[in-house]
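Enquirer: Take a look at final_9.csv, CSV, C-alpha atoms:
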chain,number,residue,atom,x,y,z
A,80,MET,CA,78.0,95.7,90.5
A,81,ASN,CA,81.2,96.6,92.3
A,82,LYS,CA,81.2,100.4,91.8
A,83,SER,CA,84.8,100.7,93.0
A,84,LEU,CA,85.9,99.0,89.8
A,85,LYS,CA,84.0,101.3,87.4
A,86,GLY,CA,86.4,103.3,85.2
A,87,MET,CA,89.5,101.6,86.7
A,88,ARG,CA,92.2,101.0,84.2
A,89,ILE,CA,93.5,97.5,84.8
A,90,GLY,CA,96.6,96.0,83.2
A,91,TYR,CA,95.5,92.4,82.9
A,92,ALA,CA,98.5,90.2,82.2
A,93,MET,CA,98.5,86.4,81.7
A,94,THR,CA,101.5,84.1,81.9
A,95,GLY,CA,101.8,80.4,81.1
A,96,SER,CA,99.9,78.5,83.8
A,97,PHE,CA,97.5,77.3,81.2
A,98,CYS,CA,95.4,75.1,83.5
A,99,THR,CA,94.1,78.3,85.1
A,100,PHE,CA,93.3,80.2,82.0
A,101,SER,CA,89.6,79.5,82.1
A,102,ARG,CA,89.4,80.9,85.6
A,103,SER,CA,91.4,84.0,84.6
A,104,PHE,CA,89.1,84.6,81.6
A,105,SER,CA,86.0,84.4,83.8
A,106,VAL,CA,87.5,87.0,86.2
A,107,ALA,CA,88.4,89.3,83.3
A,108,GLU,CA,84.8,89.1,82.1
A,109,LYS,CA,83.6,90.0,85.6
A,110,LEU,CA,85.9,93.0,85.8
A,111,VAL,CA,84.7,94.3,82.5
A,112,GLY,CA,81.1,93.7,83.6
A,113,ASN,CA,81.8,95.9,86.6
A,114,GLY,CA,82.9,98.7,84.4
A,115,ALA,CA,86.7,98.3,84.5
A,116,GLU,CA,88.8,99.0,81.4
A,117,LEU,CA,91.3,96.1,80.7
A,118,ILE,CA,94.6,96.6,79.0
A,119,PRO,CA,95.4,93.0,78.0
A,120,ILE,CA,98.9,91.6,78.1
A,121,MET,CA,100.2,88.0,77.5
A,122,SER,CA,103.7,86.7,77.9
A,123,GLU,CA,105.3,85.3,74.7
A,124,ASN,CA,104.7,81.7,76.0
A,125,ALA,CA,101.1,82.4,77.0
A,126,SER,CA,100.3,83.8,73.5
A,127,THR,CA,102.1,81.3,71.4
A,128,ILE,CA,101.9,77.9,73.0
A,129,SER,CA,98.9,75.6,72.3
A,130,THR,CA,97.8,73.1,75.0
A,131,ARG,CA,94.9,70.9,75.9
A,132,PHE,CA,93.5,74.0,77.6
A,133,GLY,CA,93.1,75.8,74.2
A,134,THR,CA,95.1,76.8,71.2
A,135,ALA,CA,97.3,79.9,71.4
A,136,ALA,CA,95.1,81.7,68.8
A,137,GLU,CA,91.9,80.9,70.8
A,138,ASN,CA,93.4,82.2,74.0
A,139,VAL,CA,94.6,85.5,72.5
A,140,LEU,CA,91.3,86.0,70.7
A,141,ARG,CA,89.3,85.3,73.9
A,142,LEU,CA,91.2,87.9,75.9
A,143,GLU,CA,90.8,90.4,73.0
A,144,ALA,CA,87.1,89.7,72.9
A,145,ILE,CA,86.7,90.3,76.6
A,146,SER,CA,88.8,93.5,76.7
A,147,GLY,CA,87.9,94.9,73.4
A,148,ARG,CA,91.6,95.6,72.7
A,149,GLU,CA,94.5,94.0,70.9
A,150,VAL,CA,96.6,92.0,73.3
A,151,ILE,CA,100.1,93.3,74.0
A,152,THR,CA,102.5,90.4,73.4
A,153,ASP,CA,106.0,91.9,73.1
A,154,ILE,CA,108.3,94.0,75.1
A,155,SER,CA,108.2,97.1,72.8
A,156,ALA,CA,104.4,97.3,73.0
A,157,ALA,CA,104.5,96.9,76.8
A,158,GLU,CA,107.2,99.6,77.5
A,159,PRO,CA,104.9,102.7,77.0
A,160,ILE,CA,102.4,101.5,79.7
A,161,GLY,CA,104.2,103.5,82.5
A,162,PRO,CA,105.3,106.6,80.5
A,163,ARG,CA,101.7,107.0,79.1
A,164,SER,CA,100.1,106.2,82.5
A,165,MET,CA,97.9,103.7,80.9
A,166,THR,CA,97.1,101.6,84.1
A,167,ASP,CA,95.9,102.2,87.6
A,168,ILE,CA,96.8,98.7,88.8
A,169,MET,CA,98.6,95.8,87.1
A,170,VAL,CA,97.1,92.3,87.6
A,171,VAL,CA,99.1,89.2,86.7
A,172,ALA,CA,96.7,86.3,86.6
A,173,PRO,CA,98.0,83.7,86.4
A,174,CYS,CA,101.5,84.5,87.6
A,175,THR,CA,103.9,81.6,87.2
A,176,SER,CA,106.8,80.9,89.5
A,177,ASN,CA,109.0,81.7,86.5
A,178,THR,CA,107.5,85.2,86.2
A,179,ALA,CA,107.6,85.7,90.0
A,180,ALA,CA,111.3,84.8,89.9
A,181,LYS,CA,112.0,87.4,87.2
A,182,LEU,CA,110.1,90.1,89.0
A,183,ALA,CA,112.0,89.4,92.2
A,184,ASN,CA,115.3,89.6,90.5
A,185,GLY,CA,114.6,92.5,88.2
A,186,ILE,CA,114.7,90.5,85.0
A,187,THR,CA,112.7,92.2,82.1
A,188,ASP,CA,112.6,89.8,79.2
A,189,SER,CA,109.0,89.4,78.4
A,190,ALA,CA,105.9,91.5,77.6
A,191,VAL,CA,104.5,90.8,81.1
A,192,THR,CA,107.7,91.6,83.1
A,193,MET,CA,108.1,94.8,81.0
A,194,ALA,CA,104.5,95.7,81.6
A,195,VAL,CA,105.0,95.3,85.4
A,196,LYS,CA,108.3,97.2,85.4
A,197,SER,CA,106.9,100.1,83.3
A,198,HIS,CA,103.7,100.3,85.5
A,199,LEU,CA,105.8,100.3,88.7
A,200,ARG,CA,107.8,103.4,87.7
A,201,ALA,CA,105.0,105.5,89.1
A,202,GLY,CA,104.7,103.5,92.3
A,203,LYS,CA,101.3,102.0,91.5
A,204,PRO,CA,100.2,98.6,92.8
A,205,VAL,CA,100.8,95.3,91.2
A,206,LEU,CA,98.6,92.3,92.1
A,207,LEU,CA,99.9,88.8,91.6
A,208,ALA,CA,97.7,85.7,91.3
A,209,ILE,CA,100.3,82.9,91.8
A,210,ALA,CA,99.8,79.5,90.2
A,211,SER,CA,102.7,77.1,90.6
A,212,ASN,CA,103.4,73.6,91.6
A,213,ASP,CA,106.6,74.5,93.3
A,214,SER,CA,105.6,77.7,95.2
A,215,MET,CA,106.9,76.3,98.5
A,216,LEU,CA,110.0,74.7,97.0
A,217,GLY,CA,112.4,76.4,94.7
A,218,SER,CA,110.1,79.3,94.1
A,219,ALA,CA,109.5,80.1,97.7
A,220,LYS,CA,112.4,82.5,98.1
A,221,ASN,CA,111.2,84.6,95.1
A,222,ILE,CA,107.7,84.8,96.3
A,223,GLY,CA,109.0,85.7,99.8
A,224,GLU,CA,111.1,88.4,98.3
A,225,LEU,CA,108.0,89.9,96.6
A,226,PHE,CA,106.1,89.7,99.9
A,227,ASN,CA,108.5,92.3,101.2
A,228,ARG,CA,108.7,94.4,98.1
A,229,LYS,CA,106.8,97.7,98.1
A,230,ASN,CA,103.7,98.0,95.8
A,231,TYR,CA,103.3,94.2,95.4
A,232,TYR,CA,100.1,92.5,96.6
A,233,PHE,CA,98.9,88.9,96.3
A,234,VAL,CA,95.6,87.3,95.7
A,235,PRO,CA,95.1,84.9,98.6
A,236,MET,CA,96.4,81.4,97.7
A,237,LEU,CA,95.1,78.0,98.3
A,238,GLN,CA,97.1,74.8,99.0
A,239,ASP,CA,95.1,73.1,96.3
A,240,ASP,CA,96.2,69.5,96.9
A,241,ILE,CA,98.3,69.1,100.1
A,242,GLU,CA,98.7,65.3,99.6
A,243,LYS,CA,99.6,65.0,95.9
A,244,LYS,CA,101.1,68.4,95.4
A,245,PRO,CA,102.3,69.6,98.8
A,246,ALA,CA,104.3,72.5,97.5
A,247,SER,CA,101.6,73.8,95.1
A,248,LEU,CA,99.8,77.1,95.6
A,249,VAL,CA,97.1,78.5,93.4
A,250,ALA,CA,95.5,81.9,93.8
A,251,GLU,CA,91.8,82.1,94.5
A,252,PHE,CA,91.0,83.8,91.2
A,253,GLU,CA,87.4,84.5,92.3
A,254,MET,CA,88.9,86.9,94.9
A,255,ILE,CA,90.7,89.1,92.3
A,256,PRO,CA,88.1,91.9,92.3
A,257,GLN,CA,88.2,92.1,96.1
A,258,ALA,CA,92.0,91.9,96.1
A,259,ILE,CA,92.1,94.7,93.5
A,260,GLU,CA,90.0,97.0,95.7
A,261,ALA,CA,92.2,96.2,98.7
A,262,ALA,CA,95.5,96.8,96.8
A,263,MET,CA,94.2,100.1,95.6
A,264,ASN,CA,93.8,101.1,99.2
A,265,GLY,CA,97.2,99.8,100.2
A,266,ILE,CA,95.9,96.7,101.9
A,267,GLN,CA,97.0,93.0,101.6
A,268,LEU,CA,94.1,90.6,102.0
A,269,ARG,CA,94.8,87.9,104.6
A,270,PRO,CA,95.3,85.1,105.2
A,271,ILE,CA,97.6,85.1,102.2
A,272,ILE,CA,98.0,81.3,102.2
A,273,TYR,CA,95.5,78.7,103.5
A,274,HIS,CA,94.2,75.2,102.8
A,275,LYS,CA,90.7,74.0,102.3
A,276,GLU,CA,90.0,73.2,105.9
A,277,ASP,CA,90.4,76.9,106.6
A,278,THR,CA,87.4,77.9,104.4
Spit out the file's structure as structure tokens when you get a sec.
Expert:
Amino acid sequence: MNKSLKGMRIGYAMTGSFCTFSRSFSVAEKLVGNGAELIPIMSENASTISTRFGTAAENVLRLEAISGREVITDISAAEPIGPRSMTDIMVVAPCTSNTAAKLANGITDSAVTMAVKSHLRAGKPVLLAIASNDSMLGSAKNIGELFNRKNYYFVPMLQDDIEKKPASLVAEFEMIPQAIEAAMNGIQLRPIIYHKEDT
């Protein structure tokens, strides 16, 4: 058991990189198993779109079962997170390039972006688990902006298929507990980006 996670209040937000949902759910279960308290949040797309990776209802119910709480799915429900000091750290896993772009440009138009904004008002850490096929194309400038933004940390990312998807980056979800502990101590795990030959 990771004792550093015991009693930690983790905002656990999911956006629409549906192919990574199973990995995110597994991490959420591990965090709870280590004594963390999860405040579950899903973007409107994540909570309403059904895909081959599960129906919307199934995904919402699974996150609720893991966390033991109703999932926050709208802006109004996410806004009190900061004022009520509900979270010690905000984890966005997965974080799409669309969400990263909104965070980099101060756009608050979803439950997840509001949750992050509200959480940040107290200067607390935000941990992003990027999952995007264009991370090193159109989205690179937004991710780069967040690299330089105070209170933002990243789960180390893997170039998951350098031949077929050379611009794709996907966070190593299994490293989220370690990345949480580091972020809470003001540390960014490195290397931030690597490919399989590095491991």
Enquirer: Can you pull out the residues contacting Val139 in chain A? Cut-off 12 Å, using all atoms listed in the file, and skip same-chain residues under 6 positions away; I want them as an NGL selection string.
Expert: :A and (92-94 or 100 or 104 or 119-129 or 133 or 145-152)
Enquirer: Each side padded by 6 Å, which centre and which edge lengths in Å (one decimal) define the axis-aligned box around the listed atoms of range 142-156 of chain A? Give them as lines of an AutoDock Vina configuration file.
Expert:
center_x = 97.5
center_y = 92.6
center_z = 73.8
size_x = 33.6
size_y = 21.4
size_z = 17.8
Enquirer: Please report the interatomic distance between CA of Ile259 in chain A and CA of Ile154 in chain A in Å with one decimal.
Expert: 24.5 Å
Enquirer: Excluding same-chain residues fewer than 5 positions from Leu199 in chain A, what lies within 10 Å of it counting only C-alpha atoms, as a PyMOL selection string?
Expert: chain A and resi 160-161+166+168-169+193-194+204-205+229-231
Enquirer: Where does range 97-188 of chain A meet range 244-249 of chain A within 10 Å, residue by residue, with the nearest atom pair and distance in Å to one decimal for each, counting all atoms listed in the file, listed by chain and rising number, as a Markdown table?
Expert:
| residue | atom | partner | partner_atom | distance |
| --- | --- | --- | --- | --- |
| A:Thr99 | CA | A:Val249 | CA | 8.8 |
| A:Pro173 | CA | A:Val249 | CA | 8.8 |
| A:Cys174 | CA | A:Val249 | CA | 9.4 |
| A:Thr175 | CA | A:Val249 | CA | 9.7 |
Enquirer: May I ask which of the residues A:Ala201, A:Ala210, A:Leu142, A:Val170 is the closest one to Ser105 in chain A, counting only C-alpha atoms?
Expert: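 Once distances to Ser105 in chain A are computed over only C-alpha atoms, the minimum belongs to A:Leu142.
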Enquirer: Restricting the calculation to only C-alpha atoms: of A:Glu137, A:Asp167, A:Asp188, A:Glu251, which residue gets closest to Ser155 in chain A?
Expert: A:Asp188
Enquirer: Nearest to Val195 in chain A among A:Asn264, A:Asn177, A:Tyr91, A:Phe97, with distances taken over only C-alpha atoms: which residue is it?
Expert: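 Among the listed residues, A:Tyr91 lies closest to Val195 in chain A.
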Enquirer: So the first atom is CA of Gly95 in chain A and the second is CA of Ile266 in chain A; what is the distance between them in Å, to one decimal place?
Expert: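 Computing it gives 27.1 Å between the two atoms.
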Enquirer: Could you tell me how far CA of Cys98 in chain A sits from CA of Ala250 in chain A, in Å to one decimal place?
Expert: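 Separating CA of Ala250 in chain A from CA of Cys98 in chain A is a distance of 12.3 Å.
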